[in-house]
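Report on the structure given below.
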Amino acid sequence: MAVYSKNGEYREEPISVDIADRGLLLGDGVFETILLRDGVPVFLGAHMARLTAGAVALGIDIKFDEIDISKRISELATQNGIEKKTGSARVTLTRGIGRRGLSIEGANEPTLLITVNAYDSISHLEPAYVLVSRACRAEHSVSAKYKTLNYIDNVMAREEANAAKLEDAVMLNHAGRVACASAANVFIIRGDGEVVTPPVREGALPGVVRNIVLQSGNEAGLVVVEAEIERHELKKSAIILTNSLIGLRLATLKNGTVSQSAHDIFEKLKSCYESEIEKDLKLRVDH
């Protein structure tokens with residue numbers, strides 16, 4: 001029996017959402033997916049900052065208490081029996097119940113839902129094969145700049161990958177350049193060793209792991225930059241997918257290969273990222 005938290009109350013399955021909730025009807029809301037290590041949320045501060053930014057952008061009036069959110073996630077991990085395992089938490093915020101139609105007038109009681117599940121990261125150890133999706137990333141849309149509940153383009157991109165028996169799909173923006181993957185940020189390792197990820201203006205979500213890789217990679221002496229990535233570069237470059245659950249995962253287009261030098265750069269970046277996780281967990285435990 002799974003336990004979840006809705007608007008401050010702990011409840012058990014079945015999970016219920018009001019049929020008039022704008023998150024259900026219109027995708028009107030934002031969310032965060034957070035890695036758990038032994039029941040402790042990783043990089044919670046960065047996730048809550050992005051959730052807050054999304055809520056502000058959408059005009060959802062709510063203030064988050066990071067300490068309370070952390071406590072509830074840890075309690076849910078314990079109640080779901082994963083306090084000593086790797087897990088994932090999802091914090092979902094909707095505008096709540098509103099009037100019929102698009103107007104947000106009258107919707108003044110947001111819905112906050114926290115769910116926690118076990119998560120198996122073993123399946124992400126091997127390199128992934130990806131394709132280039134037909135689904136386009138709308139780089140100028142609010143849904144590209146914030147982690148909103150409107151994910152239909154990403155869903156369709158992932159379905160393309162599933163149909164081809166591949167693991168993910170790279171999404172291009174309206175200019176035909178690389179923006180992201182269906183559920184991850186994208187980096188490429190160019191032949192000269194430079195590691196590149198698209199800028200947010202290209203349609204890349206300002207990912208939590210993405211930001212950490214940009215900072216920690218450069219601190220480790222690698223060249224990690226934001227720059228435009230043309231579609232043709234995917235064929236001759238190693239690809240790195242990043243998100244909060246998989247961390248960093250090496251990838252290529254189908255039948256692609258990865259050079260030893262690219263492998264070495266990937267492993268160095270992965271090591272930097274794991275070090276940042278350990279630092280974050282230590283700070284959270286110490287406080």
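In the structure tokens, chains take the letters A, B, ... in the order shown, each chain's residues start at 1, and ligands count up from 1 in the order shown.
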
Give the helix (DSSP H, G or I) residues of range 114-215 of chain A, as assigned by DSSP on the backbone, as an mmCIF file with N, CA, C and O atoms, in the first residue's frame.
```cif
data_model
loop_
_atom_site.group_PDB
_atom_site.id
_atom_site.type_symbol
_atom_site.label_atom_id
_atom_site.label_comp_id
_atom_site.auth_asym_id
_atom_site.auth_seq_id
_atom_site.Cartn_x
_atom_site.Cartn_y
_atom_site.Cartn_z
ATOM 1 N N ILE A 122 20.232 0.533 -11.921
ATOM 2 C CA ILE A 122 21.140 -0.431 -12.554
ATOM 3 C C ILE A 122 20.932 -0.477 -14.061
ATOM 4 O O ILE A 122 21.858 -0.656 -14.825
ATOM 5 N N SER A 123 19.672 -0.332 -14.482
ATOM 6 C CA SER A 123 19.360 -0.446 -15.914
ATOM 7 C C SER A 123 19.968 0.684 -16.731
ATOM 8 O O SER A 123 19.974 0.645 -17.953
ATOM 9 N N HIS A 124 20.487 1.721 -16.070
ATOM 10 C CA HIS A 124 21.032 2.867 -16.793
ATOM 11 C C HIS A 124 22.561 2.857 -16.859
ATOM 12 O O HIS A 124 23.177 3.857 -17.186
ATOM 13 N N VAL A 142 6.735 28.778 -22.721
ATOM 14 C CA VAL A 142 6.955 28.713 -21.280
ATOM 15 C C VAL A 142 7.184 27.274 -20.832
ATOM 16 O O VAL A 142 7.888 27.010 -19.853
ATOM 17 N N SER A 143 6.628 26.316 -21.565
ATOM 18 C CA SER A 143 6.785 24.905 -21.198
ATOM 19 C C SER A 143 8.198 24.402 -21.461
ATOM 20 O O SER A 143 8.583 23.337 -20.967
ATOM 21 N N ALA A 144 8.981 25.138 -22.238
ATOM 22 C CA ALA A 144 10.383 24.760 -22.453
ATOM 23 C C ALA A 144 11.289 25.363 -21.386
ATOM 24 O O ALA A 144 12.349 24.831 -21.093
ATOM 25 N N LYS A 145 10.879 26.473 -20.819
ATOM 26 C CA LYS A 145 11.712 27.181 -19.850
ATOM 27 C C LYS A 145 11.519 26.690 -18.419
ATOM 28 O O LYS A 145 12.383 26.870 -17.569
ATOM 29 N N ILE A 152 3.311 16.796 -23.497
ATOM 30 C CA ILE A 152 2.855 15.931 -24.586
ATOM 31 C C ILE A 152 3.894 15.768 -25.694
ATOM 32 O O ILE A 152 4.044 14.680 -26.265
ATOM 33 N N ASP A 153 4.647 16.828 -26.023
ATOM 34 C CA ASP A 153 5.672 16.693 -27.064
ATOM 35 C C ASP A 153 6.742 15.692 -26.634
ATOM 36 O O ASP A 153 7.212 14.882 -27.439
ATOM 37 N N ASN A 154 7.116 15.752 -25.358
ATOM 38 C CA ASN A 154 8.114 14.821 -24.840
ATOM 39 C C ASN A 154 7.575 13.389 -24.826
ATOM 40 O O ASN A 154 8.306 12.434 -25.115
ATOM 41 N N VAL A 155 6.297 13.253 -24.497
ATOM 42 C CA VAL A 155 5.666 11.932 -24.506
ATOM 43 C C VAL A 155 5.719 11.331 -25.901
ATOM 44 O O VAL A 155 6.069 10.154 -26.088
ATOM 45 N N MET A 156 5.387 12.122 -26.903
ATOM 46 C CA MET A 156 5.383 11.611 -28.274
ATOM 47 C C MET A 156 6.792 11.286 -28.752
ATOM 48 O O MET A 156 7.005 10.310 -29.488
ATOM 49 N N ALA A 157 7.775 12.084 -28.322
ATOM 50 C CA ALA A 157 9.160 11.792 -28.675
ATOM 51 C C ALA A 157 9.594 10.462 -28.073
ATOM 52 O O ALA A 157 10.243 9.637 -28.740
ATOM 53 N N ARG A 158 9.235 10.231 -26.803
ATOM 54 C CA ARG A 158 9.612 8.964 -26.174
ATOM 55 C C ARG A 158 8.913 7.791 -26.844
ATOM 56 O O ARG A 158 9.497 6.704 -26.961
ATOM 57 N N GLU A 159 7.675 7.978 -27.291
ATOM 58 C CA GLU A 159 6.973 6.905 -27.977
ATOM 59 C C GLU A 159 7.646 6.539 -29.299
ATOM 60 O O GLU A 159 7.645 5.383 -29.716
ATOM 61 N N GLU A 160 8.222 7.529 -29.982
ATOM 62 C CA GLU A 160 9.007 7.237 -31.183
ATOM 63 C C GLU A 160 10.170 6.320 -30.850
ATOM 64 O O GLU A 160 10.454 5.357 -31.565
ATOM 65 N N ALA A 161 10.862 6.645 -29.754
ATOM 66 C CA ALA A 161 11.994 5.826 -29.333
ATOM 67 C C ALA A 161 11.531 4.422 -28.960
ATOM 68 O O ALA A 161 12.157 3.426 -29.345
ATOM 69 N N ASN A 162 10.435 4.337 -28.216
ATOM 70 C CA ASN A 162 9.915 3.023 -27.823
ATOM 71 C C ASN A 162 9.553 2.181 -29.033
ATOM 72 O O ASN A 162 9.836 0.978 -29.084
ATOM 73 N N ALA A 163 8.920 2.807 -30.033
ATOM 74 C CA ALA A 163 8.514 2.083 -31.239
ATOM 75 C C ALA A 163 9.722 1.550 -31.997
ATOM 76 O O ALA A 163 9.652 0.496 -32.640
ATOM 77 N N VAL A 200 19.758 27.523 -22.771
ATOM 78 C CA VAL A 200 18.328 27.483 -22.470
ATOM 79 C C VAL A 200 17.518 28.125 -23.596
ATOM 80 O O VAL A 200 16.411 27.672 -23.916
ATOM 81 N N ARG A 201 18.057 29.153 -24.236
ATOM 82 C CA ARG A 201 17.324 29.824 -25.319
ATOM 83 C C ARG A 201 17.066 28.901 -26.510
ATOM 84 O O ARG A 201 16.206 29.173 -27.343
ATOM 85 N N GLU A 202 17.809 27.777 -26.581
ATOM 86 C CA GLU A 202 17.623 26.811 -27.666
ATOM 87 C C GLU A 202 16.513 25.808 -27.351
ATOM 88 O O GLU A 202 16.195 24.958 -28.182
ATOM 89 N N VAL A 208 18.797 20.608 -13.304
ATOM 90 C CA VAL A 208 19.599 20.615 -12.083
ATOM 91 C C VAL A 208 20.934 19.919 -12.324
ATOM 92 O O VAL A 208 22.004 20.452 -11.996
ATOM 93 N N VAL A 209 20.900 18.732 -12.902
ATOM 94 C CA VAL A 209 22.143 18.004 -13.177
ATOM 95 C C VAL A 209 22.957 18.741 -14.241
ATOM 96 O O VAL A 209 24.184 18.829 -14.151
ATOM 97 N N ARG A 210 22.289 19.270 -15.238
ATOM 98 C CA ARG A 210 22.962 20.043 -16.288
ATOM 99 C C ARG A 210 23.810 21.160 -15.678
ATOM 100 O O ARG A 210 24.975 21.338 -16.045
ATOM 101 N N ASN A 211 23.224 21.910 -14.765
ATOM 102 C CA ASN A 211 23.945 23.024 -14.158
ATOM 103 C C ASN A 211 25.151 22.542 -13.347
ATOM 104 O O ASN A 211 26.204 23.188 -13.344
ATOM 105 N N ILE A 212 24.990 21.411 -12.680
ATOM 106 C CA ILE A 212 26.092 20.869 -11.878
ATOM 107 C C ILE A 212 27.229 20.411 -12.787
ATOM 108 O O ILE A 212 28.410 20.622 -12.490
ATOM 109 N N VAL A 213 26.888 19.770 -13.900
ATOM 110 C CA VAL A 213 27.919 19.307 -14.842
ATOM 111 C C VAL A 213 28.671 20.494 -15.436
ATOM 112 O O VAL A 213 29.903 20.453 -15.564
ATOM 113 N N LEU A 214 27.956 21.550 -15.780
ATOM 114 C CA LEU A 214 28.610 22.742 -16.322
ATOM 115 C C LEU A 214 29.632 23.304 -15.337
ATOM 116 O O LEU A 214 30.754 23.658 -15.713
ATOM 117 N N GLN A 215 29.243 23.383 -14.078
ATOM 118 C CA GLN A 215 30.135 23.980 -13.092
ATOM 119 C C GLN A 215 31.258 23.044 -12.675
ATOM 120 O O GLN A 215 32.440 23.408 -12.716
#
```

Assign secondary structure with DSSP using the backbone only, and return the residues of range 22-141 of chain A in strand (DSSP E or B) as number ranges by chain. A: 29-37, 40-41, 86-94, 97, 111-118, 128-137

Give me the residues within 7 Å of Asp21 in chain A as a list in words, counting only C-alpha atoms and dropping any in the same chain fewer than 4 places off.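 Near Asp21 in chain A, the qualifying residues are Val17, Leu25, Gly96, Ile97 and Gly98 of chain A.
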
Any idea what's packed within 9 Å of range 164-175 of chain A, counting only C-alpha atoms, ignoring anything in its chain fewer than 2 positions away? Could you give it as a count of residues only? 32

Pick from A:Ser259, A:Asn108, A:Thr86, A:Gln79, whichever lies nearest to Leu35 in chain A using only C-alpha atoms: A:Thr86

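Between Leu241 in chain A and the residues A:Asn255, A:Asn185, A:Ser261, A:Ser216, the shortest atom-to-atom distance, using only C-alpha atoms, involves A:Asn185.
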
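Close contacts of Val116 in chain A, defined as residues with an atom at most 10 Å away when counting only C-alpha atoms, with chain neighbours fewer than 4 positions off set aside, comprise A:Ala2, A:Val3, A:Tyr4, A:Ser5, A:Thr33, A:Ile34, A:Leu35, A:Leu36, A:Gly39, A:Arg72, A:Ile73, A:Ser74, A:Glu75, A:Leu76, A:Ala77, A:Thr78, A:Gln79, A:Asn80, A:Ile82, A:Gly87, A:Ser88, A:Ala89, A:Arg90, A:Val91.
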
Measure the distance from CA of His47 in chain A to CA of Asp264 in chain A in Å and round it to one decimal.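 For CA of His47 in chain A relative to CA of Asp264 in chain A, the distance reads 29.0 Å.
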
Find the residue from A:Lys147, A:Lys236, A:Arg249, A:Lys268 that sits nearest to Ile189 in chain A; use only C-alpha atoms when measuring.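 Comparing A:Lys147, A:Lys236, A:Arg249, A:Lys268 against Ile189 in chain A, the winner is A:Lys236.
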
Using only C-alpha atoms, which residue out of A:Ala238, A:Val195, A:Ile188, A:Ala204 lies closest to Asn218 in chain A? A:Val195

Find the distance between CA of Arg50 in chain A and CA of Asn243 in chain A and write it in Å to one decimal.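 Atom-to-atom, CA of Arg50 in chain A and CA of Asn243 in chain A are spaced 13.9 Å apart.
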
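CA of Ser103 in chain A is positioned 20.3 Å from CA of Tyr146 in chain A.
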